[in-house]
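Listing of coords_15.cif, mmCIF, C-alpha atoms
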```cif
data_data
loop_
_atom_site.label_atom_id
_atom_site.label_comp_id
_atom_site.auth_asym_id
_atom_site.auth_seq_id
_atom_site.Cartn_x
_atom_site.Cartn_y
_atom_site.Cartn_z
CA MET A 1 0.00 0.00 0.00
CA SER A 2 1.42 3.36 -0.96
CA LEU A 3 1.78 6.22 1.49
CA THR A 4 -0.72 8.24 -0.54
CA THR A 5 -3.35 5.51 -0.29
CA ALA A 6 -2.76 5.10 3.44
CA ALA A 7 -3.14 8.79 4.03
CA ARG A 8 -6.39 8.81 2.04
CA LEU A 9 -7.82 5.91 4.10
CA LEU A 10 -6.77 7.49 7.41
CA SER A 11 -8.21 10.87 6.54
CA ALA A 12 -11.59 9.57 5.36
CA PRO A 13 -13.08 9.21 8.88
CA LEU A 14 -11.78 12.64 9.80
CA ARG A 15 -13.49 14.19 6.77
CA SER A 16 -16.74 12.48 7.65
CA VAL A 17 -16.58 14.05 11.12
CA SER A 18 -15.41 17.48 9.95
CA GLN A 19 -17.99 17.91 7.17
CA PRO A 20 -20.98 18.26 9.56
CA ARG A 21 -18.94 20.63 11.69
CA ALA A 22 -18.08 22.70 8.63
CA ALA A 23 -21.71 22.79 7.57
CA ASN A 24 -22.77 23.90 11.03
CA ALA A 25 -20.12 26.61 11.06
CA SER A 26 -21.22 27.79 7.63
CA ARG A 27 -24.85 28.02 8.74
CA ALA A 28 -23.83 29.89 11.89
CA TYR A 29 -21.75 32.34 9.86
CA ALA A 30 -24.61 32.91 7.40
CA ALA A 31 -26.99 33.56 10.29
CA ALA A 32 -24.57 36.02 11.87
CA ALA A 33 -24.06 37.82 8.56
CA GLN A 34 -27.82 38.03 8.06
CA ALA A 35 -28.23 39.48 11.55
CA VAL A 36 -25.73 42.21 10.72
CA LEU A 37 -27.54 43.00 7.47
CA SER A 38 -30.83 43.20 9.36
CA VAL A 39 -29.32 45.77 11.73
CA LEU A 40 -28.06 47.81 8.79
CA GLU A 41 -31.43 47.67 7.01
CA SER A 42 -33.17 48.77 10.21
CA GLU A 43 -30.85 51.78 10.43
CA LEU A 44 -31.54 52.67 6.80
CA ASP A 45 -35.31 52.32 7.29
CA ALA A 46 -35.11 54.63 10.31
CA ILE A 47 -33.31 57.27 8.23
CA ARG A 48 -35.96 57.04 5.50
CA THR A 49 -38.80 57.21 8.02
CA ALA A 50 -37.32 60.29 9.67
CA GLY A 51 -37.13 62.05 6.32
CA THR A 52 -33.36 62.53 6.61
CA TRP A 53 -32.35 60.27 3.71
CA LYS A 54 -29.63 61.91 1.63
CA GLY A 55 -30.01 61.00 -2.00
CA GLU A 56 -27.38 61.89 -4.60
CA ARG A 57 -28.55 63.70 -7.69
CA VAL A 58 -26.39 63.06 -10.73
CA ILE A 59 -24.92 66.08 -12.53
CA THR A 60 -24.09 65.51 -16.20
CA SER A 61 -22.17 68.73 -16.86
CA GLN A 62 -19.37 70.85 -15.45
CA GLN A 63 -19.88 72.47 -12.08
CA GLY A 64 -21.11 76.03 -12.46
CA PRO A 65 -24.00 78.43 -11.88
CA ARG A 66 -25.96 76.47 -14.50
CA ILE A 67 -25.76 72.71 -14.64
CA SER A 68 -27.42 69.71 -16.26
CA VAL A 69 -29.03 67.20 -13.91
CA ASP A 70 -29.92 63.63 -14.79
CA GLY A 71 -33.69 63.38 -15.07
CA SER A 72 -34.27 67.13 -15.46
CA ARG A 73 -34.68 69.09 -18.66
CA GLY A 74 -32.69 72.15 -19.64
CA ASP A 75 -30.22 74.19 -17.64
CA ILE A 76 -30.69 74.13 -13.88
CA LEU A 77 -29.60 77.04 -11.69
CA ASN A 78 -27.21 75.72 -9.05
CA PHE A 79 -27.51 77.45 -5.69
CA CYS A 80 -25.85 74.94 -3.36
CA ALA A 81 -22.24 74.57 -4.52
CA ASN A 82 -19.18 75.77 -2.60
CA ASN A 83 -18.07 77.29 -5.90
CA TYR A 84 -18.08 80.77 -4.36
CA LEU A 85 -15.98 82.51 -6.99
CA GLY A 86 -17.17 80.53 -10.00
CA LEU A 87 -13.67 79.17 -10.61
CA SER A 88 -14.57 75.46 -10.85
CA ASN A 89 -15.00 75.76 -14.61
CA HIS A 90 -13.09 79.01 -15.21
CA PRO A 91 -11.29 78.63 -18.59
CA GLU A 92 -7.89 79.61 -17.22
CA VAL A 93 -8.21 77.25 -14.25
CA VAL A 94 -9.28 74.35 -16.47
CA LYS A 95 -6.43 75.03 -18.92
CA ALA A 96 -3.89 75.09 -16.09
CA GLY A 97 -5.09 71.66 -14.99
CA ILE A 98 -4.79 70.26 -18.50
CA ASP A 99 -1.31 71.74 -18.92
CA ALA A 100 -0.18 70.22 -15.61
CA LEU A 101 -1.61 66.84 -16.60
CA LYS A 102 0.35 66.86 -19.85
CA LYS A 103 3.61 68.06 -18.30
CA TYR A 104 3.63 66.32 -14.90
CA GLY A 105 1.37 63.31 -15.41
CA ALA A 106 -1.77 62.00 -13.73
CA GLY A 107 -0.26 61.37 -10.31
CA LEU A 108 2.85 60.63 -8.26
CA SER A 109 2.10 57.11 -6.94
CA SER A 110 3.89 58.17 -3.78
CA VAL A 111 3.73 60.16 -0.62
CA ARG A 112 5.60 63.44 -0.48
CA PHE A 113 8.75 62.37 1.39
CA ILE A 114 9.51 59.35 -0.81
CA CYS A 115 9.20 60.51 -4.41
CA GLY A 116 5.99 62.54 -4.43
CA THR A 117 7.15 66.17 -4.35
CA GLN A 118 7.27 68.05 -7.62
CA SER A 119 8.23 71.65 -8.21
CA ILE A 120 4.54 72.52 -8.66
CA HIS A 121 3.74 71.36 -5.11
CA LYS A 122 6.40 73.64 -3.65
CA ASN A 123 5.25 76.48 -5.90
CA LEU A 124 1.64 76.17 -4.73
CA GLU A 125 2.71 76.03 -1.08
CA GLU A 126 4.76 79.19 -1.55
CA LYS A 127 1.84 81.02 -3.18
CA LEU A 128 -0.63 79.96 -0.48
CA ALA A 129 1.75 81.13 2.27
CA ARG A 130 2.09 84.47 0.46
CA PHE A 131 -1.68 84.72 -0.05
CA HIS A 132 -2.33 84.26 3.68
CA GLU A 133 0.75 86.30 4.68
CA ARG A 134 2.19 83.42 6.73
CA GLU A 135 5.68 81.97 6.86
CA ASP A 136 5.06 78.55 5.32
CA CYS A 137 2.45 76.11 4.03
CA ILE A 138 1.91 72.34 3.85
CA LEU A 139 -0.50 70.64 1.43
CA TYR A 140 -2.86 67.79 2.28
CA ALA A 141 -5.29 65.64 0.31
CA SER A 142 -8.16 67.56 1.92
CA CYS A 143 -8.80 70.04 4.70
CA PHE A 144 -10.34 67.15 6.62
CA ASP A 145 -6.85 65.62 6.54
CA ALA A 146 -5.27 68.94 7.50
CA ASN A 147 -7.50 69.07 10.58
CA ALA A 148 -6.83 65.40 11.33
CA GLY A 149 -3.09 65.97 11.09
CA LEU A 150 -2.59 69.14 13.11
CA PHE A 151 -3.75 68.75 16.71
CA GLU A 152 -2.11 65.38 17.41
CA VAL A 153 1.26 66.83 16.41
CA LEU A 154 0.92 70.22 18.10
CA LEU A 155 -0.72 69.33 21.41
CA GLY A 156 0.30 66.89 24.14
CA PRO A 157 -1.18 65.74 27.47
CA ASP A 158 0.07 68.88 29.25
CA ASP A 159 -1.76 71.15 26.80
CA ALA A 160 -5.38 72.25 26.36
CA VAL A 161 -7.60 72.83 23.35
CA LEU A 162 -10.63 75.13 23.60
CA SER A 163 -13.14 74.45 20.82
CA ASP A 164 -16.39 76.12 19.76
CA GLU A 165 -19.26 73.67 20.27
CA LEU A 166 -20.39 74.02 16.63
CA ASN A 167 -17.02 73.51 14.98
CA HIS A 168 -16.91 71.38 11.84
CA ALA A 169 -16.86 67.59 12.19
CA SER A 170 -13.31 67.43 10.85
CA ILE A 171 -12.10 69.73 13.64
CA ILE A 172 -13.91 67.62 16.23
CA ASP A 173 -12.40 64.41 14.85
CA GLY A 174 -8.94 65.97 14.70
CA ILE A 175 -9.14 67.09 18.32
CA ARG A 176 -10.19 63.57 19.35
CA LEU A 177 -6.87 62.28 18.01
CA CYS A 178 -4.78 64.45 20.31
CA ARG A 179 -4.07 63.87 24.01
CA ALA A 180 -4.65 67.44 25.15
CA LYS A 181 -7.27 68.36 27.73
CA ARG A 182 -10.45 69.37 25.91
CA PHE A 183 -12.70 72.31 26.72
CA ARG A 184 -15.78 73.07 24.65
CA TYR A 185 -17.19 76.59 24.86
CA LYS A 186 -20.68 77.73 23.87
CA HIS A 187 -21.08 78.81 20.28
CA MET A 188 -19.36 82.18 19.72
CA ASP A 189 -19.78 82.95 23.44
CA LEU A 190 -16.79 85.02 24.57
CA ASN A 191 -17.81 84.91 28.23
CA ASP A 192 -17.86 81.13 28.21
CA LEU A 193 -14.56 81.04 26.34
CA GLU A 194 -13.01 83.21 29.05
CA GLU A 195 -14.27 80.83 31.72
CA LYS A 196 -12.68 77.91 29.88
CA LEU A 197 -9.42 79.85 29.57
CA LYS A 198 -9.45 80.36 33.33
CA GLU A 199 -10.17 76.67 33.93
CA SER A 200 -7.25 75.66 31.71
CA ARG A 201 -4.77 78.11 33.19
CA SER A 202 -2.43 75.38 34.43
CA SER A 203 -1.86 73.96 30.93
CA ARG A 204 1.52 74.26 29.25
CA MET A 205 0.06 75.51 25.96
CA ARG A 206 -3.51 76.43 25.03
CA LEU A 207 -5.06 76.59 21.60
CA VAL A 208 -8.39 78.29 20.86
CA VAL A 209 -9.99 76.55 17.88
CA THR A 210 -12.82 77.92 15.78
CA ASP A 211 -14.26 77.93 12.32
CA GLY A 212 -13.82 81.34 10.74
CA VAL A 213 -17.25 80.89 9.19
CA PHE A 214 -19.63 78.19 10.42
CA SER A 215 -20.77 76.39 7.31
CA MET A 216 -24.30 75.45 8.32
CA ASP A 217 -25.37 78.90 9.51
CA GLY A 218 -23.06 81.28 7.69
CA ASP A 219 -22.18 83.11 10.90
CA VAL A 220 -18.73 84.63 11.36
CA ALA A 221 -16.66 83.90 14.45
CA PRO A 222 -15.96 86.92 16.72
CA LEU A 223 -12.25 86.79 16.02
CA GLN A 224 -11.43 90.19 17.47
CA GLY A 225 -12.80 89.17 20.87
CA ILE A 226 -11.24 85.72 20.61
CA CYS A 227 -7.83 87.22 19.88
CA ASP A 228 -8.20 89.70 22.75
CA LEU A 229 -8.91 86.85 25.18
CA ALA A 230 -6.15 84.69 23.73
CA GLU A 231 -3.61 87.46 24.26
CA GLN A 232 -4.90 88.17 27.76
CA TYR A 233 -4.56 84.52 28.80
CA GLY A 234 -1.52 83.54 26.74
CA ALA A 235 -3.24 81.22 24.23
CA LEU A 236 -2.75 80.60 20.52
CA VAL A 237 -5.55 80.96 17.95
CA PHE A 238 -6.44 78.54 15.15
CA ILE A 239 -9.11 79.10 12.50
CA ASP A 240 -10.57 76.87 9.79
CA GLU A 241 -11.19 79.07 6.76
CA CYS A 242 -12.83 76.68 4.30
CA HIS A 243 -15.87 78.91 3.88
CA ALA A 244 -13.96 82.19 3.82
CA THR A 245 -10.74 81.79 1.81
CA GLY A 246 -10.87 83.64 -1.48
CA PHE A 247 -13.85 85.92 -0.92
CA LEU A 248 -14.10 87.33 2.62
CA GLY A 249 -12.13 90.46 3.41
CA PRO A 250 -11.14 93.33 1.08
CA ARG A 251 -8.68 91.09 -0.81
CA GLY A 252 -10.40 87.77 -0.20
CA ARG A 253 -7.82 86.61 2.36
CA GLY A 254 -10.50 85.39 4.74
CA THR A 255 -12.16 86.01 8.07
CA ASP A 256 -8.97 87.20 9.74
CA GLU A 257 -8.55 89.90 7.08
CA LEU A 258 -12.24 90.82 7.25
CA LEU A 259 -11.97 91.44 10.99
CA GLY A 260 -8.47 92.93 10.97
CA VAL A 261 -6.66 90.19 12.92
CA MET A 262 -4.36 88.60 10.33
CA ASP A 263 -1.34 89.25 12.53
CA ARG A 264 -3.08 87.82 15.63
CA VAL A 265 -4.23 84.43 14.28
CA HIS A 266 -1.40 81.92 14.50
CA ILE A 267 -2.56 78.94 12.41
CA VAL A 268 -4.95 78.74 9.47
CA ASN A 269 -6.31 75.60 7.83
CA SER A 270 -8.26 75.86 4.60
CA THR A 271 -9.24 74.07 1.41
CA LEU A 272 -8.62 74.07 -2.32
CA GLY A 273 -11.95 72.31 -2.81
CA LYS A 274 -14.29 75.28 -2.55
CA ALA A 275 -13.51 78.81 -3.77
CA LEU A 276 -9.99 77.98 -5.02
CA GLY A 277 -11.00 75.92 -8.05
CA GLY A 278 -13.14 73.35 -6.26
CA ALA A 279 -11.13 70.22 -7.10
CA ALA A 280 -9.58 68.78 -3.93
CA GLY A 281 -6.88 69.40 -1.39
CA GLY A 282 -6.35 71.26 1.85
CA TYR A 283 -3.49 72.98 3.63
CA THR A 284 -2.12 74.50 6.81
CA VAL A 285 -0.34 77.86 6.89
CA GLY A 286 1.51 79.18 9.91
CA PRO A 287 4.94 79.49 11.53
CA LYS A 288 7.71 77.76 9.62
CA ALA A 289 8.71 75.64 12.62
CA LEU A 290 5.17 74.25 12.88
CA ILE A 291 5.00 73.43 9.17
CA GLU A 292 8.36 71.65 9.32
CA LEU A 293 7.18 69.62 12.32
CA LEU A 294 3.99 68.65 10.47
CA ARG A 295 6.09 67.38 7.55
CA GLN A 296 7.92 65.11 9.99
CA ARG A 297 5.00 63.84 12.08
CA SER A 298 1.59 64.57 10.59
CA ARG A 299 0.14 61.16 9.73
CA PRO A 300 -2.30 62.19 6.95
CA TYR A 301 0.61 63.96 5.23
CA LEU A 302 3.10 61.12 5.71
CA PHE A 303 0.76 58.31 4.66
CA SER A 304 -1.34 59.86 1.86
CA ASN A 305 -0.43 60.25 -1.79
CA SER A 306 0.60 63.67 -3.03
CA LEU A 307 -2.02 65.88 -4.62
CA PRO A 308 -2.32 64.98 -8.35
CA PRO A 309 -0.64 67.44 -10.72
CA PRO A 310 -3.90 68.50 -12.46
CA VAL A 311 -5.36 69.46 -9.08
CA VAL A 312 -2.23 71.39 -8.18
CA GLY A 313 -2.27 73.15 -11.55
CA CYS A 314 -5.89 74.23 -11.19
CA ALA A 315 -5.45 75.46 -7.62
CA THR A 316 -2.27 77.35 -8.46
CA ARG A 317 -3.99 79.27 -11.24
CA ALA A 318 -6.93 80.08 -8.96
CA VAL A 319 -4.58 81.50 -6.32
CA GLU A 320 -2.71 83.48 -8.98
CA LEU A 321 -5.96 85.07 -10.15
CA LEU A 322 -6.74 86.16 -6.59
CA LEU A 323 -3.22 87.44 -5.96
CA ALA A 324 -3.51 89.55 -9.11
CA SER A 325 -6.93 91.09 -8.43
CA ASN A 326 -9.61 91.35 -5.75
CA GLU A 327 -12.36 92.12 -8.26
CA ILE A 328 -14.03 88.70 -8.06
CA ALA A 329 -14.02 88.69 -4.25
CA GLN A 330 -15.55 92.16 -4.07
CA SER A 331 -18.45 91.16 -6.34
CA MET A 332 -19.89 88.82 -3.71
CA ALA A 333 -21.34 91.27 -1.19
CA ALA A 334 -24.02 92.91 -3.35
CA LYS A 335 -25.24 89.58 -4.72
CA THR A 336 -25.41 88.05 -1.27
CA MET A 337 -27.45 90.92 0.15
CA ARG A 338 -29.79 90.92 -2.86
CA PHE A 339 -30.79 87.32 -2.09
CA ARG A 340 -30.94 87.78 1.69
CA ASN A 341 -33.01 90.97 1.53
CA ASN A 342 -35.49 89.66 -1.05
CA MET A 343 -36.00 86.39 0.83
CA THR A 344 -36.49 88.17 4.15
CA GLN A 345 -39.03 90.54 2.57
CA ALA A 346 -40.89 87.49 1.24
CA GLY A 347 -41.27 86.18 4.78
CA PHE A 348 -38.49 83.56 5.03
CA THR A 349 -36.12 83.26 7.98
CA ILE A 350 -32.50 83.44 6.78
CA SER A 351 -29.80 82.49 9.29
CA GLY A 352 -26.35 84.04 9.50
CA THR A 353 -25.27 87.53 8.54
CA ALA A 354 -23.73 88.91 5.35
CA HIS A 355 -22.15 85.64 4.19
CA PRO A 356 -22.88 83.91 0.84
CA ILE A 357 -24.10 80.91 2.87
CA CYS A 358 -27.79 81.74 3.27
CA PRO A 359 -29.62 79.04 5.25
CA VAL A 360 -33.39 79.11 4.67
CA MET A 361 -34.61 77.84 8.04
CA LEU A 362 -37.51 75.37 7.93
CA GLY A 363 -37.17 73.19 11.04
CA ASP A 364 -38.71 69.99 9.69
CA ALA A 365 -36.43 67.55 7.84
CA ARG A 366 -39.13 66.15 5.58
CA LEU A 367 -40.31 69.65 4.66
CA ALA A 368 -36.76 70.67 3.70
CA SER A 369 -36.43 67.62 1.47
CA LEU A 370 -39.83 68.10 -0.21
CA MET A 371 -39.23 71.79 -0.85
CA ALA A 372 -35.81 71.05 -2.37
CA ASP A 373 -37.44 68.54 -4.74
CA ASP A 374 -40.07 71.09 -5.76
CA MET A 375 -37.38 73.71 -6.33
CA LEU A 376 -35.66 71.36 -8.78
CA LYS A 377 -38.90 71.04 -10.73
CA LEU A 378 -38.83 74.83 -11.05
CA GLY A 379 -35.26 74.70 -12.35
CA VAL A 380 -33.36 75.59 -9.18
CA TYR A 381 -30.95 73.10 -7.60
CA VAL A 382 -30.84 73.26 -3.79
CA ILE A 383 -30.54 70.58 -1.10
CA GLY A 384 -32.29 70.11 2.21
CA PHE A 385 -29.95 69.76 5.20
CA SER A 386 -31.08 67.77 8.23
CA TYR A 387 -29.75 65.70 11.12
CA PRO A 388 -26.97 64.63 11.59
CA VAL A 389 -25.51 67.37 9.39
CA VAL A 390 -27.41 69.95 11.46
CA PRO A 391 -29.06 69.59 14.90
CA LYS A 392 -32.47 67.94 15.12
CA GLY A 393 -35.30 70.42 14.61
CA LYS A 394 -33.08 72.82 12.65
CA ALA A 395 -33.46 71.49 9.12
CA ARG A 396 -32.91 74.01 6.40
CA ILE A 397 -32.18 74.55 2.74
CA ARG A 398 -28.69 76.00 2.55
CA VAL A 399 -28.41 78.42 -0.35
CA GLN A 400 -24.95 79.50 -1.49
CA ILE A 401 -24.39 82.53 -3.65
CA SER A 402 -21.62 82.51 -6.26
CA ALA A 403 -19.83 85.36 -7.96
CA ALA A 404 -20.92 83.68 -11.20
CA HIS A 405 -24.63 84.17 -10.43
CA THR A 406 -26.33 87.08 -12.18
CA ASP A 407 -29.00 89.28 -10.60
CA GLU A 408 -31.51 87.52 -12.84
CA ASP A 409 -30.38 84.13 -11.49
CA ILE A 410 -30.89 85.34 -7.92
CA ASP A 411 -34.33 86.79 -8.64
CA ARG A 412 -35.39 83.55 -10.32
CA ALA A 413 -34.28 81.55 -7.29
CA VAL A 414 -36.22 83.85 -4.94
CA ASP A 415 -39.34 83.47 -7.10
CA ALA A 416 -39.02 79.69 -6.96
CA PHE A 417 -38.69 79.82 -3.17
CA ILE A 418 -41.81 81.96 -2.93
CA GLN A 419 -43.81 79.47 -5.02
CA THR A 420 -42.69 76.43 -3.03
CA GLY A 421 -42.90 78.28 0.27
CA ARG A 422 -46.56 79.13 -0.33
CA LYS A 423 -47.29 75.59 -1.52
CA HIS A 424 -45.98 74.12 1.74
CA GLY A 425 -47.36 76.80 4.03
CA VAL A 426 -43.98 78.25 5.02
CA ILE A 427 -45.02 81.75 3.93
CA SER A 428 -48.40 83.23 3.14
#
```

If you took the structure in this file and wrote it as structure tokens, what would it be?
Amino acid sequence: MSLTTAARLLSAPLRSVSQPRAANASRAYAAAAQAVLSVLESELDAIRTAGTWKGERVITSQQGPRISVDGSRGDILNFCANNYLGLSNHPEVVKAGIDALKKYGAGLSSVRFICGTQSIHKNLEEKLARFHEREDCILYASCFDANAGLFEVLLGPDDAVLSDELNHASIIDGIRLCRAKRFRYKHMDLNDLEEKLKESRSSRMRLVVTDGVFSMDGDVAPLQGICDLAEQYGALVFIDECHATGFLGPRGRGTDELLGVMDRVHIVNSTLGKALGGAAGGYTVGPKALIELLRQRSRPYLFSNSLPPPVVGCATRAVELLLASNEIAQSMAAKTMRFRNNMTQAGFTISGTAHPICPVMLGDARLASLMADDMLKLGVYVIGFSYPVVPKGKARIRVQISAAHTDEDIDRAVDAFIQTGRKHGVIS
């Protein structure tokens, strides 16, 4: 008898025993997998029932003030993009991206410190530092990554971070990664911030963290008061400028320029994915020593691929346009107030102040979704925002004004809101 035959005969009884066990294990695994799927389906059903389901409409054109939407006829006015300056499809920005693609390729297939740094990355970082009037700049794949990569590097267990309670989710997640003591102050409440500064007095280093503009409400942080308190109590100031860079302030430098505190804010994070061409990417600007430390230790920077050359090319041209002229940035104010004033006169409640983010407050999530659908039928693209993007009971349609919108576009959007508002009983 061969060894092969002997092994086959010896293993036969074992297979007969193991097969039922395997079948039982397979059935148990299938049951467990089905239980998980049932939990997921229940969660999805709850979202649908609550009216907070977030569908994704399909755009079949370039981003811009007028777009084509799958299932809709003709041009649709787009009033919910972060395309504040209309640069997402600006001819010069698009051409710069194409030129960079041809010259530098589609991507680097590497992180920055291995073989992923091209001259165009350094050039963009230099221009962004100059734009913000800071010493240095570091690029990230997104501002979410910039926020995820900053606090863990800067702050240790002997430090404290003081954060506005309505800061963006990326700031909250970034703070969770660091070991500093955490203090959350009431939204834009300087008295509460001062109390938290007193409570954290024993910390080695303290960092006050706030959005420059809060994206859901369009309200502007009281940076002058924040900087006064920070100086009084020996703290640093950080701002996230995603919804301000490029169009707030006389030259579009952001909230710190608007409020006259550029020399008092120490660290700025912002994005290339909104006003600056709208493609992707984020960055940190600040003291050179901080930027150099981030290059050595910031995990999203060290373990993420470099920004693709076409993205860098587009963003660079957008920044160059803003460095050359403030004309586009200055065109925003009149258009914003035209929409806000006309909507308020019609009876709507518009949150925020003089920012291009104009939240039309509705309260009910299902109402916000239904009104947004009816607006699309009238040729205006807006989206209802509800929990968990905004607090429960504070659903709204967030309108965003672009420099590319004409007065006629704005008036048409207001008319559509009036029609749908009357239909749903929001206004009389």

request  = Starting from the displayed file, determine the output of the PyMOL selection byres ((chain A and resi 132) around 12) and express the residue list as an NGL selection string.
outcome  = :A and (125-131 or 133-137 or 241 or 244-246 or 249 or 251-257 or 261-263 or 265-270 or 283-287 or 319 or 322-323)

Based on the selection just made, write C-alpha atoms of those residues as a PDB file, in the coordinates of the input.
```pdb
ATOM      1  CA  GLU A 125       2.710  76.030  -1.080  1.00  0.00           C
ATOM      2  CA  GLU A 126       4.760  79.190  -1.550  1.00  0.00           C
ATOM      3  CA  LYS A 127       1.840  81.020  -3.180  1.00  0.00           C
ATOM      4  CA  LEU A 128      -0.630  79.960  -0.480  1.00  0.00           C
ATOM      5  CA  ALA A 129       1.750  81.130   2.270  1.00  0.00           C
ATOM      6  CA  ARG A 130       2.090  84.470   0.460  1.00  0.00           C
ATOM      7  CA  PHE A 131      -1.680  84.720  -0.050  1.00  0.00           C
ATOM      8  CA  GLU A 133       0.750  86.300   4.680  1.00  0.00           C
ATOM      9  CA  ARG A 134       2.190  83.420   6.730  1.00  0.00           C
ATOM     10  CA  GLU A 135       5.680  81.970   6.860  1.00  0.00           C
ATOM     11  CA  ASP A 136       5.060  78.550   5.320  1.00  0.00           C
ATOM     12  CA  CYS A 137       2.450  76.110   4.030  1.00  0.00           C
ATOM     13  CA  GLU A 241     -11.190  79.070   6.760  1.00  0.00           C
ATOM     14  CA  ALA A 244     -13.960  82.190   3.820  1.00  0.00           C
ATOM     15  CA  THR A 245     -10.740  81.790   1.810  1.00  0.00           C
ATOM     16  CA  GLY A 246     -10.870  83.640  -1.480  1.00  0.00           C
ATOM     17  CA  GLY A 249     -12.130  90.460   3.410  1.00  0.00           C
ATOM     18  CA  ARG A 251      -8.680  91.090  -0.810  1.00  0.00           C
ATOM     19  CA  GLY A 252     -10.400  87.770  -0.200  1.00  0.00           C
ATOM     20  CA  ARG A 253      -7.820  86.610   2.360  1.00  0.00           C
ATOM     21  CA  GLY A 254     -10.500  85.390   4.740  1.00  0.00           C
ATOM     22  CA  THR A 255     -12.160  86.010   8.070  1.00  0.00           C
ATOM     23  CA  ASP A 256      -8.970  87.200   9.740  1.00  0.00           C
ATOM     24  CA  GLU A 257      -8.550  89.900   7.080  1.00  0.00           C
ATOM     25  CA  VAL A 261      -6.660  90.190  12.920  1.00  0.00           C
ATOM     26  CA  MET A 262      -4.360  88.600  10.330  1.00  0.00           C
ATOM     27  CA  ASP A 263      -1.340  89.250  12.530  1.00  0.00           C
ATOM     28  CA  VAL A 265      -4.230  84.430  14.280  1.00  0.00           C
ATOM     29  CA  HIS A 266      -1.400  81.920  14.500  1.00  0.00           C
ATOM     30  CA  ILE A 267      -2.560  78.940  12.410  1.00  0.00           C
ATOM     31  CA  VAL A 268      -4.950  78.740   9.470  1.00  0.00           C
ATOM     32  CA  ASN A 269      -6.310  75.600   7.830  1.00  0.00           C
ATOM     33  CA  SER A 270      -8.260  75.860   4.600  1.00  0.00           C
ATOM     34  CA  TYR A 283      -3.490  72.980   3.630  1.00  0.00           C
ATOM     35  CA  THR A 284      -2.120  74.500   6.810  1.00  0.00           C
ATOM     36  CA  VAL A 285      -0.340  77.860   6.890  1.00  0.00           C
ATOM     37  CA  GLY A 286       1.510  79.180   9.910  1.00  0.00           C
ATOM     38  CA  PRO A 287       4.940  79.490  11.530  1.00  0.00           C
ATOM     39  CA  VAL A 319      -4.580  81.500  -6.320  1.00  0.00           C
ATOM     40  CA  LEU A 322      -6.740  86.160  -6.590  1.00  0.00           C
ATOM     41  CA  LEU A 323      -3.220  87.440  -5.960  1.00  0.00           C
TER      42      LEU A 323
END
```

key: Atomic distance atom CA of A:Ala146 - atom CA of A:His121, expressed in Å with one decimal   =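 Calculated distance between atom CA of A:Ala146 and atom CA of A:His121 is 15.7 Å.
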
request  = Might you pull out every residue within 10 Å of A:Thr349, with only C-alpha atoms counted and same-chain residues fewer than 3 positions away left off, and present them as JSON, numbers by chain?
outcome  = {"A": [340, 343, 344, 345, 346, 352, 358, 359, 360, 361, 362, 396, 426, 427]}

task = Select, from A:Ala334, A:Ala324, A:Val311, A:Ala221, the residue with the minimum atom-to-atom distance to A:Thr406, counting only C-alpha atoms.
result =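 Result for the nearest residue to A:Thr406: A:Ala334.
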
ask   = So how far away is atom CA of A:Gly174 from atom CA of A:Arg297, in Å?
value =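 Those two atoms sit 14.3 Å apart.
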
inquiry  = Once the PyMOL selection byres ((chain A and resi 392) around 12) has been evaluated on this model, what residues remain selected, and can you format them as a ChimeraX atom specification?
reply    = /A:50-52,362-366,385-391,393-396

Which residue of A:Ile291, A:Val69, A:Leu150, A:Leu223 approaches A:Val380 most closely, using all atoms listed in the file =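 So, comparing all the options, the nearest one is A:Val69.
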
request  = Go ahead and compute the interatomic distance for atom CA of A:Thr210 and atom CA of A:Ile239, in Å to one decimal.
outcome  =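 For atom CA of A:Thr210 relative to atom CA of A:Ile239, the distance reads 5.1 Å.
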
request  = Starting from the displayed file, determine the output of the PyMOL selection byres ((chain A and resi 180) around 10) and express the residue list as a PyMOL selection string.
outcome  = chain A and resi 151-152+154-162+175-179+181-183+203+205-207

Restricting it to C-alpha atoms, dump the selection as a compact mmCIF listing (two decimals), in the coordinates of the input.
```
# COMPACT_ATOMS: atom_id res chain seq x y z
CA PHE A 151 -3.75 68.75 16.71
CA GLU A 152 -2.11 65.38 17.41
CA LEU A 154 0.92 70.22 18.10
CA LEU A 155 -0.72 69.33 21.41
CA GLY A 156 0.30 66.89 24.14
CA PRO A 157 -1.18 65.74 27.47
CA ASP A 158 0.07 68.88 29.25
CA ASP A 159 -1.76 71.15 26.80
CA ALA A 160 -5.38 72.25 26.36
CA VAL A 161 -7.60 72.83 23.35
CA LEU A 162 -10.63 75.13 23.60
CA ILE A 175 -9.14 67.09 18.32
CA ARG A 176 -10.19 63.57 19.35
CA LEU A 177 -6.87 62.28 18.01
CA CYS A 178 -4.78 64.45 20.31
CA ARG A 179 -4.07 63.87 24.01
CA LYS A 181 -7.27 68.36 27.73
CA ARG A 182 -10.45 69.37 25.91
CA PHE A 183 -12.70 72.31 26.72
CA SER A 203 -1.86 73.96 30.93
CA MET A 205 0.06 75.51 25.96
CA ARG A 206 -3.51 76.43 25.03
CA LEU A 207 -5.06 76.59 21.60
```

key: Residue with smallest distance to A:Ala416 - pool A:Ile401, A:Ser202, A:Leu259, A:Leu378, counting only C-alpha atoms   = A:Leu378

request  = Compile the contact shell of stretch 98-102 of chain A as a list of chain:residue names: residues with an atom at most 9 Å away, counting all atoms listed in the file, same-chain residues fewer than 5 positions apart removed.
outcome  =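 Here the qualifying residues turn out to be A:Val93, A:Gly107, A:Ile120, A:Pro308, A:Pro309, A:Pro310, A:Val311, A:Val312, A:Gly313, A:Cys314.
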